[in-house]
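Q: Before I ask anything, let me first share the structure, which is written out below as C-alpha cells.
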Number of protein chains: 4
Amino acid sequence: MADTVDFNSDMGESFGPWKMGDDAALLEIVTSANIACGFHAGDPDVMATTMRNAMANNVGIGAHPGFADLQDFGRRRMTLPKERLENLVRYQLGAAIGMAKGLGCKIRHFKLHGAMSNMSAEDGDMARTLYEAALSVDPDIIIMVQATTAQQQVVIDLGCAWAGEIFADRAYNDNGTLVDRSQPGAVIHDAELAGQRILEMVQESAIITVSGKRIPAPIDTICLHGDTAEAVAIAASVKQTLLSGGVELAQFQGRR
Amino acid sequence: MADTVDFNSDMGESFGPWKMGDDAALLEIVTSANIACGFHAGDPDVMATTMRNAMANNVGIGAHPGFADLQDFGRRRMTLPKERLENLVRYQLGAAIGMAKGLGCKIRHFKLHGAMSNMSAEDGDMARTLYEAALSVDPDIIIMVQATTAQQQVVIDLGCAWAGEIFADRAYNDNGTLVDRSQPGAVIHDAELAGQRILEMVQESAIITVSGKRIPAPIDTICLHGDTAEAVAIAASVKQTLLSGGVELAQFQGRR
Amino acid sequence: MADTVDFNSDMGESFGPWKMGDDAALLEIVTSANIACGFHAGDPDVMATTMRNAMANNVGIGAHPGFADLQDFGRRRMTLPKERLENLVRYQLGAAIGMAKGLGCKIRHFKLHGAMSNMSAEDGDMARTLYEAALSVDPDIIIMVQATTAQQQVVIDLGCAWAGEIFADRAYNDNGTLVDRSQPGAVIHDAELAGQRILEMVQESAIITVSGKRIPAPIDTICLHGDTAEAVAIAASVKQTLLSGGVELAQFQGRR
Amino acid sequence: MADTVDFNSDMGESFGPWKMGDDAALLEIVTSANIACGFHAGDPDVMATTMRNAMANNVGIGAHPGFADLQDFGRRRMTLPKERLENLVRYQLGAAIGMAKGLGCKIRHFKLHGAMSNMSAEDGDMARTLYEAALSVDPDIIIMVQATTAQQQVVIDLGCAWAGEIFADRAYNDNGTLVDRSQPGAVIHDAELAGQRILEMVQESAIITVSGKRIPAPIDTICLHGDTAEAVAIAASVKQTLLSGGVELAQFQGRR
C-alpha cells in the first residue's frame, strides 16, 4: 500500500474579469495544480497569479492545455489533424513554461483538459500525438494520465515519466471508464463518501467501480475538480480521510 | 563600414483562413524572420508553418509579440500595468520557444510589434519592463531595437545581446523618429529609391533624415514590412543594391 | 417631488461558463435591466436567458453595448473613428433587438457601458455619434444618460426620448462628475447610507455632492452596479428606503 | 424555362486587417450578396462596408450566419442544443438587420453558412429550428435553401418565402448531394464549363449530376463562392453564358 499520494486540482480557470473556482482555498490542500493555458480558460494574468500562489504554497505546477474553445470550456470534442494537435500542445505548454521561468518556478507536469483528455483516453494514437508533442518541448516533463486508459499504455510505450490519476468525485463503470455525467450518481457530491471511497482505492491500489469490482490501477494522484460548489469541502474531506488512514499527501515523483 | 548587414521582415501574420503577406517570397530574400505569436496576428498553425519555412531557408527566427488586439493588428496603444506587460511578453515568447523547440529550431531574437514597440521606443521604463521579461524567459536572446531610440539605451544598460534596426521603407525626422504615416513621403514605395537610400545609411553607419541630416546609428539589421504591396519588390531591390555596394546579407550576431 | 423612480442594473454579464453577478436576485428588485451585448460581456445564450428572466419579472429590457474588450470588460478607453463607433452600436443594438423579438419581448431602452459611456459623458460629439447610431436602428428607443453630463445635453438637442440616471453606489464631485474610484469614499459600500442618500436626491431632484452641494438633475432612474459583493443588499436597502419615503419604483416612461 | 435567375455570392468575409475575396469585382456581377455576420467571418466594420457597396451596386442583401468559429471559418460541425442554435441565428440576423437599418438598406434574405448549412441540409429538424428562429426575428425574410435537400422541405412546410439554390462550381451526386471536396472533379475550376453547365440546369429546371442524371429542382438562384482564385472569372463566364442563352440575371422574388 502507498504511503503517500498526490492530490491535484485544475486551477487558473478564471478569465479576464470572470472568476472561477476557489483556487486560494484549494492551494492550501492540494499538492499539484493543473493550470489552464489560455485556450479553454485562463489568460496570461490569471496564469501568473495562479503560478505565484502555487509557489507560495509549495504546490507542484503543471500545464493544463485544452482545445481553443472558451464558450464550451474545452469540453466540445474536435477532430483535428495530427499537426494541429501538436501545435496546440507545443504553443500552450511553451507559454506555460515561459510564464513559469519568468516567475522563477518550473512546470513539472502536463495534463490534458476536457475533451482533449477524454478523446485521447479512448484513442491511443491521439494520446501519443499529444504526449510526443509535449515531450518534444520538454523531455523531462511528467505526464499525468487517466489510470488504466489508452493514455496509460501510451506513456508506458513512450518510456517517459508519468503519474496515474483517479478522480475523487466521479463514479467508475466496470470497464474502468467514467460513468457518464448524464447518469444518476455519476458525480459524487457527498464529501464524506468521496473521502472514504478514495482511501479504499489508494489502500487497494485499484479503481472500485459502481458494482464493487476492483480494477488494479497505478494511483499516483487523485484529481478533484475545482469548479464545483463542493470542491473545497470534498478536498478537505479526502485529505483528512487519507491522513486518518495513514496516507500522507505528497507530490508524485513520476514513474517510468 | 559594415561588410554584412541583416535583413528582417515581420512574418507569420496570417490568421486562421485569412492570409497576409507573401512569406514564401520574402523568405528567399531576408536573413531574419520576426514571427507573430498569436495575440495581434498568427495562430499556432501559422506559427508552425512559418517556422518550418524559415528553417528551410536558413533564415533566423525571432519572436514578435504584440498587444492582444486582432481587430487593430496590435497597432492600438494600450497603457497596461508593469505586471501585465511582463505576462504578455513571457506568454508569447514562451509559446514561440515551445513551438520552435518542438519543430527542432531555435528562437534567436526578440522584436516588439506595433504599438508595443512604438510606445517603448519613446518610453524607456516600458522598454525595460518588456525586455527584462523577455530575458527572464531566455537570458541569451538577442533583442532587436529601433536604433537610436529609448529601446537602444535600455539594452545597453541591461548589458544583454542586441541588434540595432533601421527601416527600409520609412522616412526619418531630424530627431531620429519616424515621419508620421499621415505625412506625405512617410512611407517609401519606390523600390529603387529604398535600395539606394539603405545602402548609403549602411555605408555611413547613420540614419539619413528627410532633411539630409546624418544621425550616427548602429545598423545591424534592416526592416522591411511584409504586409505592403511593394514588399517583395523593395526587398529584392534593397538586397541587390546592397550586394552591388559590397555589403553581404547575413544574420546579425548580436552586440553587447 | 417624484412619486416614482426607476431602478436599473447592468445584467447579463456572464460569459460562456463564467458567471458574474446575481441577476436572479436583482431582477426581483429592479425595474429596468441593461443587458450586455456580447462585446465586453455576455454572449447569445446569456442574453437569451437574461431577457427571459427579465420578462418573467416584468422588468424593462435595455441594450447595453460597450467596446469589444472582454479582457478589460469594456473599461479600457479606445479612440475610434466615427464610423467604427456607429458600427459598434448598430451591430450590438441590432443583435439585442433580434434576440428580444425572437423571444417575444422588446428592447425599450439603450445605455452605454463602461469606457464608452464615460468617454461620451465628457465628449458631446462622441455621445451624439453613438446616440444617433442607436436612433438610426430604432428611433423610438429611450436613451438612458448620466444626468447633467454632455450625454444629457445631446439627447435634449436630438429631441429623442430619454431618461436621466444617477448612481446609487458612487460619490459625486462638486462639478457633477463621479469621484474617481482611486479616491477614498468613491464607492459606497454601506447599504443603509446608500438608501438614505438616494432618497434625498430623489426628493430634492438633485445630485448631492461630497461637499453637500445640490446640483439640480432630472432623476428618472437610479443605477446599481450588479457586479459588487454588496449589490443585492444595497438594492434592497435603496428600494426599502424609497418606499418608506413615499417613492414607488416603476419603469421610466422617457422624457423629451 | 425561366426568363431570369438570381446570382448570389458569399461576401464580407474579411476580418479586421485581413482581406478575403474580391467583393468589389463580384458586386458588379451578382444580384444577391450573402454577408457574413461576425461569428465565422466579418466584423461590424466589414459588414458596414460590404452593405454600402452592395447598395451602390443594387445588389440584394442577405444575412449569412454561421457557427462561432473564426479558426475554421464556420466549417467545423458542432452539435448544439436547439436553444443555442436559435440564439446564434437571432443574434447574428438581428445584428445584420441593425446594421442595414442604420445604413438605410434592408436584409431581404437569409442563408446559412458552412457546417451550419450542410448539417441542416441533411437534418430537417435542425433546419426547422434555424429557420423558425430567423422568421421569429423577421417573418417576411426570404430563406435561401439548397435545392432538393431537407432545407427545401422545411421551408415548404413552414409556408414562408424562399428561394432554391444550386452551386455554380460544385459537382452533384446522383442523390442530389454535393460530391465531397476530397473527390476529383468535386470543385469546378473551368469558367467556361461552369457557365455552360449552369445554363443547361436553368433551362431544364434540374440539377444535372455527374452521371448526367436530371433531378428536377426549383432553381431561383445560383451560388458562386467568392473565396476561390477563379471566382471572378467563373462569375463573369456564368453571367455571359446565361445572357447568351436568353436568361437575364435578376434578384429572386421568393416563392411560397
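Chain labels A, B, ... are given in the sequence in which chains occur in the C-alpha cells; within each chain residues are numbered consecutively from 1, and ligands are likewise numbered from 1 in the order shown.
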Would you give me, as a tab-separated table, each residue of chain D having an atom within 6 Å of an atom of chain C, along with its shortest atom pair and that distance in Å to one decimal, using only C-alpha atoms and sorting by chain and residue number?

A:
```
residue	atom	partner	partner_atom	distance
D:Pro44	CA	C:Asn87	CA	5.5
D:Asn87	CA	C:Pro44	CA	5.4
D:Arg90	CA	C:Met99	CA	5.2
D:Tyr91	CA	C:Ala95	CA	4.6
D:Gly94	CA	C:Gly98	CA	3.8
D:Ala95	CA	C:Ala95	CA	4.0
D:Gly98	CA	C:Gly94	CA	3.8
D:Met99	CA	C:Arg90	CA	5.2
D:Lys101	CA	C:Val137	CA	5.5
D:Gly102	CA	C:Ser136	CA	4.7
D:Ser136	CA	C:Gly102	CA	4.7
D:Val137	CA	C:Gly102	CA	5.1
```

Q: Output N, CA and C atoms for every residue in that selection, as a CSV table (one decimal), in the first residue's frame.

A:
```
chain,number,residue,atom,x,y,z
D,44,PRO,N,-18.2,44.1,-37.5
D,44,PRO,CA,-19.1,45.2,-37.8
D,44,PRO,C,-18.6,46.2,-38.9
D,87,ASN,N,-30.4,31.0,-30.6
D,87,ASN,CA,-29.7,32.2,-30.2
D,87,ASN,C,-28.7,32.6,-31.2
D,90,ARG,N,-30.7,34.3,-34.1
D,90,ARG,CA,-31.3,35.5,-33.7
D,90,ARG,C,-30.3,36.6,-33.5
D,91,TYR,N,-29.2,36.3,-32.8
D,91,TYR,CA,-28.2,37.3,-32.6
D,91,TYR,C,-27.6,37.9,-33.9
D,94,GLY,N,-30.2,39.6,-36.2
D,94,GLY,CA,-30.5,40.9,-35.6
D,94,GLY,C,-29.4,41.9,-35.8
D,95,ALA,N,-28.2,41.5,-35.6
D,95,ALA,CA,-27.1,42.4,-35.9
D,95,ALA,C,-27.1,42.9,-37.3
D,98,GLY,N,-29.8,45.3,-37.8
D,98,GLY,CA,-29.5,46.6,-37.2
D,98,GLY,C,-28.5,47.4,-38.0
D,99,MET,N,-27.5,46.7,-38.5
D,99,MET,CA,-26.5,47.4,-39.4
D,99,MET,C,-27.2,48.0,-40.7
D,101,LYS,N,-30.4,48.6,-41.2
D,101,LYS,CA,-31.3,49.7,-40.9
D,101,LYS,C,-30.6,51.0,-40.7
D,102,GLY,N,-29.5,51.0,-40.0
D,102,GLY,CA,-28.7,52.2,-39.7
D,102,GLY,C,-28.1,52.7,-41.0
D,136,SER,N,-38.7,34.2,-36.6
D,136,SER,CA,-39.2,34.9,-35.4
D,136,SER,C,-38.6,36.3,-35.3
D,137,VAL,N,-37.5,36.6,-36.0
D,137,VAL,CA,-36.9,37.9,-36.0
D,137,VAL,C,-37.5,38.7,-37.1
```

Q: Which residues, written as a PyMOL selection string, have at least one atom at most 8 Å from range 232-240 of chain D, with only C-alpha atoms counted and residues fewer than 5 positions away on the same chain left out?

A: chain D and resi 22+25-26+29-30+168+189-192+194-196+198-199+224+226+249

Q: Looking only at the backbone, which of the residues in range 30-222 of chain C does DSSP tag as helix (DSSP H, G or I), as a PyMOL selection string?

A: chain C and resi 44-56+82-103+114-122+124-137+150-158+191-204

Q: Please measure the separation of CA of His113 in chain A and CA of Gly74 in chain A, giving the value in Å to one decimal.

A: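 According to the coordinates, CA of His113 in chain A and CA of Gly74 in chain A are separated by 7.1 Å.
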
Q: Apply DSSP to the backbone of this structure and, from range 89-136 of chain A, keep only the residues in strand (DSSP E); write these as a ChimeraX atom specification.

A: /A:107-110

Q: Output the selection as a compact mmCIF listing (two decimals), in the first residue's frame - N, CA and C atoms for each residue.

A:
```txt
# COMPACT_ATOMS: atom_id res chain seq x y z
N ILE A 107 7.48 24.20 -14.62
CA ILE A 107 6.37 23.32 -14.99
C ILE A 107 6.87 21.89 -14.86
N ARG A 108 6.37 21.18 -13.86
CA ARG A 108 6.87 19.81 -13.66
C ARG A 108 5.98 18.74 -14.25
N HIS A 109 4.71 19.06 -14.47
CA HIS A 109 3.87 18.03 -15.07
C HIS A 109 2.97 18.60 -16.15
N PHE A 110 2.29 17.69 -16.85
CA PHE A 110 1.48 18.00 -18.02
C PHE A 110 0.23 17.17 -17.95
```
